[in-house]
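Q: Input file: upload-v6.cif. Contents: mmCIF, C-alpha atoms.
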```cif
data_query
#
loop_
_atom_site.group_PDB
_atom_site.id
_atom_site.type_symbol
_atom_site.label_atom_id
_atom_site.label_comp_id
_atom_site.auth_asym_id
_atom_site.auth_seq_id
_atom_site.Cartn_x
_atom_site.Cartn_y
_atom_site.Cartn_z
ATOM 1 C CA MET A 94 -54.950 1.727 58.486
ATOM 2 C CA ASP A 95 -54.914 0.134 55.044
ATOM 3 C CA LEU A 96 -51.666 -1.637 54.144
ATOM 4 C CA LEU A 97 -51.151 0.493 51.026
ATOM 5 C CA GLN A 98 -51.517 3.693 53.072
ATOM 6 C CA ARG A 99 -48.537 2.752 55.281
ATOM 7 C CA LEU A 100 -46.062 2.602 52.418
ATOM 8 C CA ARG A 101 -44.873 6.203 52.664
ATOM 9 C CA GLY A 102 -41.193 6.950 52.516
ATOM 10 C CA ASP A 103 -38.520 6.836 49.876
ATOM 11 C CA MET A 104 -36.264 3.852 49.252
ATOM 12 C CA GLU A 105 -32.736 3.897 47.894
ATOM 13 C CA THR A 106 -30.663 1.275 46.141
ATOM 14 C CA GLN A 107 -27.147 1.445 44.746
ATOM 15 C CA ARG A 108 -28.275 3.401 41.690
ATOM 16 C CA LEU A 109 -31.915 4.312 42.251
ATOM 17 C CA ARG A 110 -34.159 6.378 44.461
ATOM 18 C CA LEU A 111 -37.739 5.122 44.670
ATOM 19 C CA ARG A 112 -39.777 8.140 45.654
ATOM 20 C CA ARG A 113 -43.231 9.664 45.486
ATOM 21 C CA TRP A 114 -44.259 11.255 42.203
ATOM 22 C CA LYS A 115 -44.107 15.038 41.811
ATOM 23 C CA GLN A 116 -45.940 17.291 39.352
ATOM 24 C CA ARG A 117 -42.648 18.091 37.610
ATOM 25 C CA ASP A 118 -42.213 14.390 36.693
ATOM 26 C CA PHE A 119 -44.983 14.361 34.088
ATOM 27 C CA LYS A 120 -42.739 14.738 31.023
ATOM 28 C CA GLU A 121 -40.545 11.796 32.090
ATOM 29 C CA TYR A 122 -43.644 9.809 33.155
ATOM 30 C CA ILE A 123 -45.266 10.182 29.754
ATOM 31 C CA SER A 124 -42.022 9.173 28.008
ATOM 32 C CA PHE A 125 -42.496 5.541 29.010
ATOM 33 C CA MET A 126 -46.238 5.422 29.738
ATOM 34 C CA SER A 127 -46.964 6.420 26.108
ATOM 35 C CA ASP A 128 -44.632 3.770 24.643
ATOM 36 C CA PRO A 129 -46.551 0.719 23.347
ATOM 37 C CA GLU A 130 -43.368 -1.411 23.571
ATOM 38 C CA VAL A 131 -43.333 -0.759 27.338
ATOM 39 C CA MET A 132 -47.016 -0.679 28.204
ATOM 40 C CA ILE A 133 -48.550 -3.503 26.166
ATOM 41 C CA PRO A 134 -46.225 -6.233 27.514
ATOM 42 C CA ALA A 135 -46.782 -4.796 31.019
ATOM 43 C CA GLY A 136 -50.508 -5.361 30.604
ATOM 44 C CA ALA A 137 -51.363 -1.676 30.848
ATOM 45 C CA ARG A 138 -53.047 0.888 28.632
ATOM 46 C CA VAL A 139 -50.852 3.010 26.403
ATOM 47 C CA LEU A 140 -51.255 6.573 27.661
ATOM 48 C CA ASP A 141 -50.622 8.287 24.342
ATOM 49 C CA THR A 142 -52.749 11.417 24.855
ATOM 50 C CA LEU A 143 -52.935 14.013 27.609
ATOM 51 C CA ASP A 144 -56.581 13.031 28.230
ATOM 52 C CA LYS A 145 -55.497 9.453 28.947
ATOM 53 C CA ALA A 146 -52.293 10.251 30.821
ATOM 54 C CA MET A 147 -53.259 13.067 33.195
ATOM 55 C CA PRO A 148 -55.853 11.166 35.285
ATOM 56 C CA VAL A 149 -53.506 8.174 35.686
ATOM 57 C CA PHE A 150 -50.591 10.444 36.596
ATOM 58 C CA HIS A 151 -52.669 12.257 39.219
ATOM 59 C CA HIS A 152 -53.807 8.914 40.616
ATOM 60 C CA ASP A 153 -50.176 7.790 40.876
ATOM 61 C CA ILE A 154 -49.242 11.014 42.684
ATOM 62 C CA ARG A 155 -51.879 10.237 45.352
ATOM 63 C CA ASP A 156 -51.113 6.484 45.516
ATOM 64 C CA ASP A 157 -48.947 5.780 48.583
ATOM 65 C CA GLY A 158 -47.769 2.513 47.047
ATOM 66 C CA CYS A 159 -46.635 3.955 43.703
ATOM 67 C CA PHE A 160 -43.047 5.130 43.265
ATOM 68 C CA ALA A 161 -41.082 6.989 40.618
ATOM 69 C CA MET A 162 -37.835 5.196 39.817
ATOM 70 C CA GLU A 163 -35.206 7.917 39.672
ATOM 71 C CA ARG A 164 -31.591 7.335 38.645
ATOM 72 C CA LYS A 165 -29.465 8.919 41.364
ATOM 73 C CA ASP A 166 -26.573 9.754 39.031
ATOM 74 C CA ALA A 167 -28.716 11.595 36.475
ATOM 75 C CA GLY A 168 -31.691 12.716 38.557
ATOM 76 C CA GLU A 169 -34.063 11.443 35.880
ATOM 77 C CA VAL A 170 -37.174 9.293 36.276
ATOM 78 C CA ILE A 171 -36.872 6.099 34.259
ATOM 79 C CA GLY A 172 -39.857 4.062 35.382
ATOM 80 C CA ARG A 173 -42.681 3.291 37.770
ATOM 81 C CA ILE A 174 -42.996 0.541 40.369
ATOM 82 C CA LYS A 175 -45.973 0.018 42.628
ATOM 83 C CA PHE A 176 -47.524 -2.101 45.300
ATOM 84 C CA GLN A 177 -51.034 -3.232 44.478
ATOM 85 C CA THR A 178 -53.706 -5.214 46.232
ATOM 86 C CA ASP A 179 -53.101 -8.893 45.562
ATOM 87 C CA MET A 180 -56.437 -9.865 44.010
ATOM 88 C CA ARG A 181 -55.585 -13.568 44.165
ATOM 89 C CA ARG A 182 -55.369 -13.779 47.961
ATOM 90 C CA TYR A 183 -58.052 -13.093 50.561
ATOM 91 C CA ASP A 184 -57.707 -12.448 54.286
ATOM 92 C CA VAL A 185 -53.927 -12.855 54.068
ATOM 93 C CA PRO A 186 -51.508 -9.927 54.511
ATOM 94 C CA SER A 187 -50.287 -9.755 50.921
ATOM 95 C CA LEU A 188 -49.302 -7.349 48.183
ATOM 96 C CA SER A 189 -48.640 -7.605 44.482
ATOM 97 C CA VAL A 190 -46.040 -5.599 42.546
ATOM 98 C CA GLY A 191 -46.306 -4.055 39.086
ATOM 99 C CA TYR A 192 -43.785 -2.029 37.098
ATOM 100 C CA GLU A 193 -42.802 -0.320 33.857
ATOM 101 C CA LEU A 194 -39.342 0.813 32.741
ATOM 102 C CA ARG A 195 -38.334 3.219 29.988
ATOM 103 C CA ARG A 196 -37.196 1.206 26.981
ATOM 104 C CA ASP A 197 -33.719 2.741 26.669
ATOM 105 C CA CYS A 198 -33.013 1.555 30.232
ATOM 106 C CA TRP A 199 -33.819 -2.109 29.590
ATOM 107 C CA GLY A 200 -31.057 -4.633 30.202
ATOM 108 C CA ASN A 201 -29.196 -2.621 32.857
ATOM 109 C CA GLY A 202 -30.533 -4.342 36.001
ATOM 110 C CA TYR A 203 -32.545 -1.314 37.169
ATOM 111 C CA MET A 204 -35.807 -3.206 37.514
ATOM 112 C CA GLN A 205 -34.192 -6.040 39.458
ATOM 113 C CA GLU A 206 -32.695 -3.470 41.827
ATOM 114 C CA ALA A 207 -36.040 -1.686 42.306
ATOM 115 C CA LEU A 208 -37.992 -4.925 42.751
ATOM 116 C CA CYS A 209 -35.570 -6.157 45.419
ATOM 117 C CA ALA A 210 -36.079 -2.863 47.302
ATOM 118 C CA MET A 211 -39.849 -3.381 47.155
ATOM 119 C CA ILE A 212 -39.453 -6.927 48.502
ATOM 120 C CA LEU A 213 -37.393 -5.637 51.425
ATOM 121 C CA ARG A 214 -40.002 -2.945 52.152
ATOM 122 C CA ALA A 215 -42.903 -5.395 51.981
ATOM 123 C CA PHE A 216 -41.399 -7.972 54.337
ATOM 124 C CA GLU A 217 -39.461 -5.736 56.745
ATOM 125 C CA LYS A 218 -41.722 -2.710 57.097
ATOM 126 C CA GLU A 219 -45.140 -3.887 55.999
ATOM 127 C CA LYS A 220 -44.919 -7.386 57.481
ATOM 128 C CA VAL A 221 -46.768 -9.052 54.615
ATOM 129 C CA ASP A 222 -46.929 -12.834 54.525
ATOM 130 C CA VAL A 223 -46.694 -13.122 50.743
ATOM 131 C CA ILE A 224 -45.801 -11.004 47.712
ATOM 132 C CA GLY A 225 -47.319 -11.901 44.369
ATOM 133 C CA ILE A 226 -46.253 -10.863 40.889
ATOM 134 C CA SER A 227 -47.211 -11.853 37.354
ATOM 135 C CA HIS A 228 -46.422 -11.312 33.687
ATOM 136 C CA ASP A 229 -48.074 -12.186 30.425
ATOM 137 C CA SER A 230 -46.743 -15.259 28.667
ATOM 138 C CA GLU A 231 -44.993 -13.216 25.971
ATOM 139 C CA ASN A 232 -43.206 -10.812 28.326
ATOM 140 C CA HIS A 233 -39.888 -12.649 28.597
ATOM 141 C CA ARG A 234 -38.025 -9.615 29.965
ATOM 142 C CA SER A 235 -40.366 -9.442 32.927
ATOM 143 C CA ARG A 236 -40.066 -13.184 33.477
ATOM 144 C CA ARG A 237 -36.276 -12.861 33.733
ATOM 145 C CA VAL A 238 -36.532 -10.006 36.254
ATOM 146 C CA ILE A 239 -39.020 -11.958 38.361
ATOM 147 C CA GLU A 240 -36.890 -15.098 38.341
ATOM 148 C CA LYS A 241 -33.663 -13.161 39.075
ATOM 149 C CA CYS A 242 -35.404 -11.701 42.133
ATOM 150 C CA GLY A 243 -36.108 -15.163 43.528
ATOM 151 C CA PHE A 244 -39.865 -15.448 43.015
ATOM 152 C CA GLN A 245 -41.273 -18.981 42.756
ATOM 153 C CA TYR A 246 -43.526 -19.992 39.868
ATOM 154 C CA GLU A 247 -47.077 -20.526 41.067
ATOM 155 C CA GLY A 248 -49.114 -21.302 37.973
ATOM 156 C CA THR A 249 -50.560 -20.143 34.686
ATOM 157 C CA VAL A 250 -54.000 -18.740 34.024
ATOM 158 C CA HIS A 251 -54.748 -19.518 30.402
ATOM 159 C CA HIS A 252 -56.504 -16.904 28.259
ATOM 160 C CA ALA A 253 -56.319 -14.597 31.262
ATOM 161 C CA ARG A 254 -56.867 -11.237 29.588
ATOM 162 C CA ARG A 255 -56.986 -9.221 26.429
ATOM 163 C CA ARG A 256 -54.042 -6.824 26.071
ATOM 164 C CA ALA A 257 -54.373 -3.284 24.748
ATOM 165 C CA ASP A 258 -53.301 -4.553 21.315
ATOM 166 C CA GLY A 259 -56.266 -6.973 21.274
ATOM 167 C CA LYS A 260 -54.268 -10.166 21.751
ATOM 168 C CA ILE A 261 -55.483 -12.640 24.380
ATOM 169 C CA VAL A 262 -52.599 -13.848 26.554
ATOM 170 C CA ASP A 263 -51.940 -16.199 29.445
ATOM 171 C CA ASP A 264 -50.729 -14.816 32.779
ATOM 172 C CA LEU A 265 -47.945 -16.519 34.736
ATOM 173 C CA TYR A 266 -48.027 -16.031 38.514
ATOM 174 C CA TYR A 267 -45.193 -16.091 41.062
ATOM 175 C CA TYR A 268 -44.852 -15.624 44.820
ATOM 176 C CA LEU A 269 -42.439 -15.047 47.701
ATOM 177 C CA LEU A 270 -43.368 -16.146 51.226
ATOM 178 C CA ARG A 271 -42.357 -14.514 54.504
ATOM 179 C CA GLU A 272 -40.900 -17.824 55.699
ATOM 180 C CA ASP A 273 -38.488 -17.764 52.732
ATOM 181 C CA PHE A 274 -37.472 -14.144 53.318
ATOM 182 C CA PRO A 275 -34.405 -14.773 55.555
ATOM 183 C CA ALA A 276 -32.832 -17.020 52.907
ATOM 184 C CA TRP A 277 -33.890 -14.599 50.165
ATOM 185 C CA LYS A 278 -32.278 -11.682 52.003
ATOM 186 C CA THR A 279 -28.999 -13.567 52.372
ATOM 187 C CA LYS A 280 -28.933 -14.311 48.651
ATOM 188 C CA PHE A 281 -30.342 -11.097 47.131
ATOM 189 C CA PHE A 282 -29.617 -8.244 49.549
ATOM 190 C CA SER A 283 -26.531 -7.131 47.597
ATOM 191 C CA ALA A 284 -28.812 -6.009 44.755
ATOM 192 C CA VAL A 285 -30.100 -3.131 46.871
ATOM 193 C CA SER A 286 -27.335 -2.413 49.382
#
```
Kindly return the structure encoded in the file as structure tokens.
A:
Amino acid sequence: MDLLQRLRGDMETQRLRLRRWKQRDFKEYISFMSDPEVMIPAGARVLDTLDKAMPVFHHDIRDDGCFAMERKDAGEVIGRIKFQTDMRRYDVPSLSVGYELRRDCWGNGYMQEALCAMILRAFEKEKVDVIGISHDSENHRSRRVIEKCGFQYEGTVHHARRRADGKIVDDLYYYLLREDFPAWKTKFFSAVS
């Protein structure tokens, strides 16, 4: 069974429920997926029309590694977080993580909380050896989340890709290893418990 197909099951943190997408989530989904301030720094297409958004939404509904980030207190979806195939590693049990968060929720620690839950899932349930993550060189918010979650800087790929706004950016890569997980859990577990 493919690693991404074994990722079923909700996760909960102090304030969030990471769960599978439902048809009723589309309005909240489009609220951040259509926002250029969210999507361009995340390295994703801006889904600003129904023709662009519906196929991606339906893909996310079927994707076992893609989760809606729902605030438990309000019952509203505020973002997306997903496991992806780590394209930088071959023949090693590994995953990469990607995410987007609604702009009005920035700066509240939600993404750090969700990312820590994904790290726990990847190492404890999925038994990966390494988790990778990256951000474009201008996405300083993402860099702070990644660093706060204990990822180690791995390197920079210069002129890595052209963003949806046409700008060519560098990508900065980070990792967490299974051998570092016990120390990571001691230091970061409070973010999700």
Q: Between A:Glu231, A:Asp141, A:Glu121, A:Asp103, which is the closest to Asp157 in chain A once you count all atoms listed in the file?
A: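 Under the stated criterion, the closest residue is A:Asp103.
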Q: Can you list what the PyMOL selection byres ((chain A and resi 222-228) around 10) grabs from this structure, as number ranges by chain?
A: A: 134-136, 176-182, 185-192, 211-212, 215-216, 219-221, 229-236, 239, 244-249, 262-274
Q: Of the candidates A:Asp118, A:Asp258, A:Glu206, A:Glu105, which one gets nearest to Ile154 in chain A if we count only C-alpha atoms?
A: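 Checking each candidate against Ile154 in chain A, we get A:Asp118 as the closest.
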Q: Could you please determine the separation between CA of Gly172 in chain A and CA of Ala276 in chain A in Å, to one decimal place?
A: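 For CA of Gly172 in chain A relative to CA of Ala276 in chain A, the distance reads 28.3 Å.
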Q: Applied to this file, what does the PyMOL selection byres ((chain A and resi 164) around 10) return in terms of residues, put as a ChimeraX atom specification?
A: /A:105-111,161-163,165-172,203
Q: Just say which residues the PyMOL selection byres ((chain A and resi 129) around 10) picks in this file, as a list in words.
A: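 Selected by the PyMOL selection byres ((chain A and resi 129) around 10) in this file: Phe125, Met126, Ser127, Asp128, Glu130, Val131, Met132, Ile133, Pro134, Ala135, Ala137, Arg138, Val139, Leu140, Asp141, Ala257 and Asp258 of chain A.
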Q: Report, in Å to a single decimal, how far apart CA of Arg113 in chain A and CA of Glu217 in chain A are.
A: 19.4 Å
Q: Could you tell me how far CA of Arg112 in chain A lies from CA of Leu208 in chain A, in Å and to one decimal?
A: 13.5 Å
Q: Would you list the contacts of Gln205 in chain A as number ranges by chain, taking every protein, DNA or RNA residue within 8 Å and counting all atoms listed in the file, but skipping same-chain residues closer than 5 positions in sequence?
A: A: 238-239, 241-242, 284
Q: Nearest to Glu193 in chain A among A:Tyr122, A:Arg155, A:Leu143, A:Pro275, with distances taken over all atoms listed in the file: which residue is it?
A: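 Looking at the shortest contact to Glu193 in chain A, the residue is A:Tyr122.
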Q: Take the point (-50.0, 14.6, 31.0) in the file's coordinates, draw a sphere of radius 9 Å around it, and report as number ranges by chain every protein, DNA or RNA residue with an atom inside or on it, counting all atoms listed in the file.
A: A: 119-120, 122-123, 140, 142-151
Q: Would you place a box with edges along x, y and z of the file around all atoms of range 108-119 of chain A listed there, add 3 Å to each of its six sides, and report the centre and edge lengths in Å to one decimal, as JSON?
A:
```
{"center_x": -37.1, "center_y": 10.7, "center_z": 39.9, "size_x": 23.7, "size_y": 20.7, "size_z": 17.6}
```
